[in-house]
Amino acid sequence: MSATEPATPRHHPSWREVRDTFLAEPTVQQADQELAPRFAIVRELMALREQRGWSQRELADRAGMKQPQLARLETGQVEPRLDTLQRLAMAMGCKMRVSFEPANTPASIVGDPKALDG
């Protein structure tokens, strides 16, 4: 390109465009569905911490762990263990509950054992 030719503006895709293109792939969709429960737990943990106005260090100290451990959990670098989640819940004054729900079941009957008896 010479100095007299105008530069053609380049389209730089937004984060949403990149994400949507990526998530259109079936293998990525499957992996996303498999990881969704882990991401939901981490999002809830972070929301609870932020609602309290606590830093990662403050929550980690209250839960008897180190801040880098909590950071790795919040960024998805490590799989959250139940005992760790329990300690974090207790540190925030919460109860932890684990539930099993039938896959592909309408929300109106989840948690109603009679609805599943057939």
# chains A, B, ... in the order shown; residues from 1 in each chain; ligands from 1
>>> residues_around(residues="Gly64 in chain A", least_positions_apart="2", cutoff="9 Å", atoms="only C-alpha atoms", output="ChimeraX atom specification")
/A:59-62,66,87-88,91
>>> write_last_selection(atoms="C-alpha atoms", output="short mmCIF file (atom, residue, chain, number, x, y, z; two decimals), in the first residue's frame")
data_model
loop_
_atom_site.label_atom_id
_atom_site.label_comp_id
_atom_site.auth_asym_id
_atom_site.auth_seq_id
_atom_site.Cartn_x
_atom_site.Cartn_y
_atom_site.Cartn_z
CA LEU A 59 -12.91 -14.44 52.24
CA ALA A 60 -9.87 -16.70 52.00
CA ASP A 61 -8.73 -15.65 55.49
CA ARG A 62 -12.21 -16.26 56.93
CA LYS A 66 -4.84 -18.69 50.94
CA ARG A 87 -15.71 -23.91 54.26
CA LEU A 88 -16.41 -20.95 51.97
CA ALA A 91 -17.22 -18.30 56.18
#
>>> atom_distance(atom1="CA of Val98 in chain A", atom2="CA of Leu85 in chain A")
10.7 Å
>>> select_by_dssp(residues="range 33-112 of chain A", states="helix (DSSP H, G or I)", output="PyMOL selection string")
chain A and resi 33-51+56-63+67-74+82-91
>>> residues_around(residues="Gly76 in chain A", least_positions_apart="5", cutoff="10 Å", atoms="only C-alpha atoms", output="PyMOL selection string")
chain A and resi 35+38-39+42+70-71
>>> atom_distance(atom1="CA of Leu45 in chain A", atom2="CA of Met92 in chain A")
9.4 Å
>>> residues_around(residues="Arg97 in chain A", least_positions_apart="6", cutoff="12 Å", atoms="only C-alpha atoms", output="list of chain:residue names")
A:Ile41, A:Leu82, A:Leu85, A:Gln86, A:Ala89, A:Met90
>>> atom_distance(atom1="CA of Ala40 in chain A", atom2="CA of Pro80 in chain A")
11.4 Å
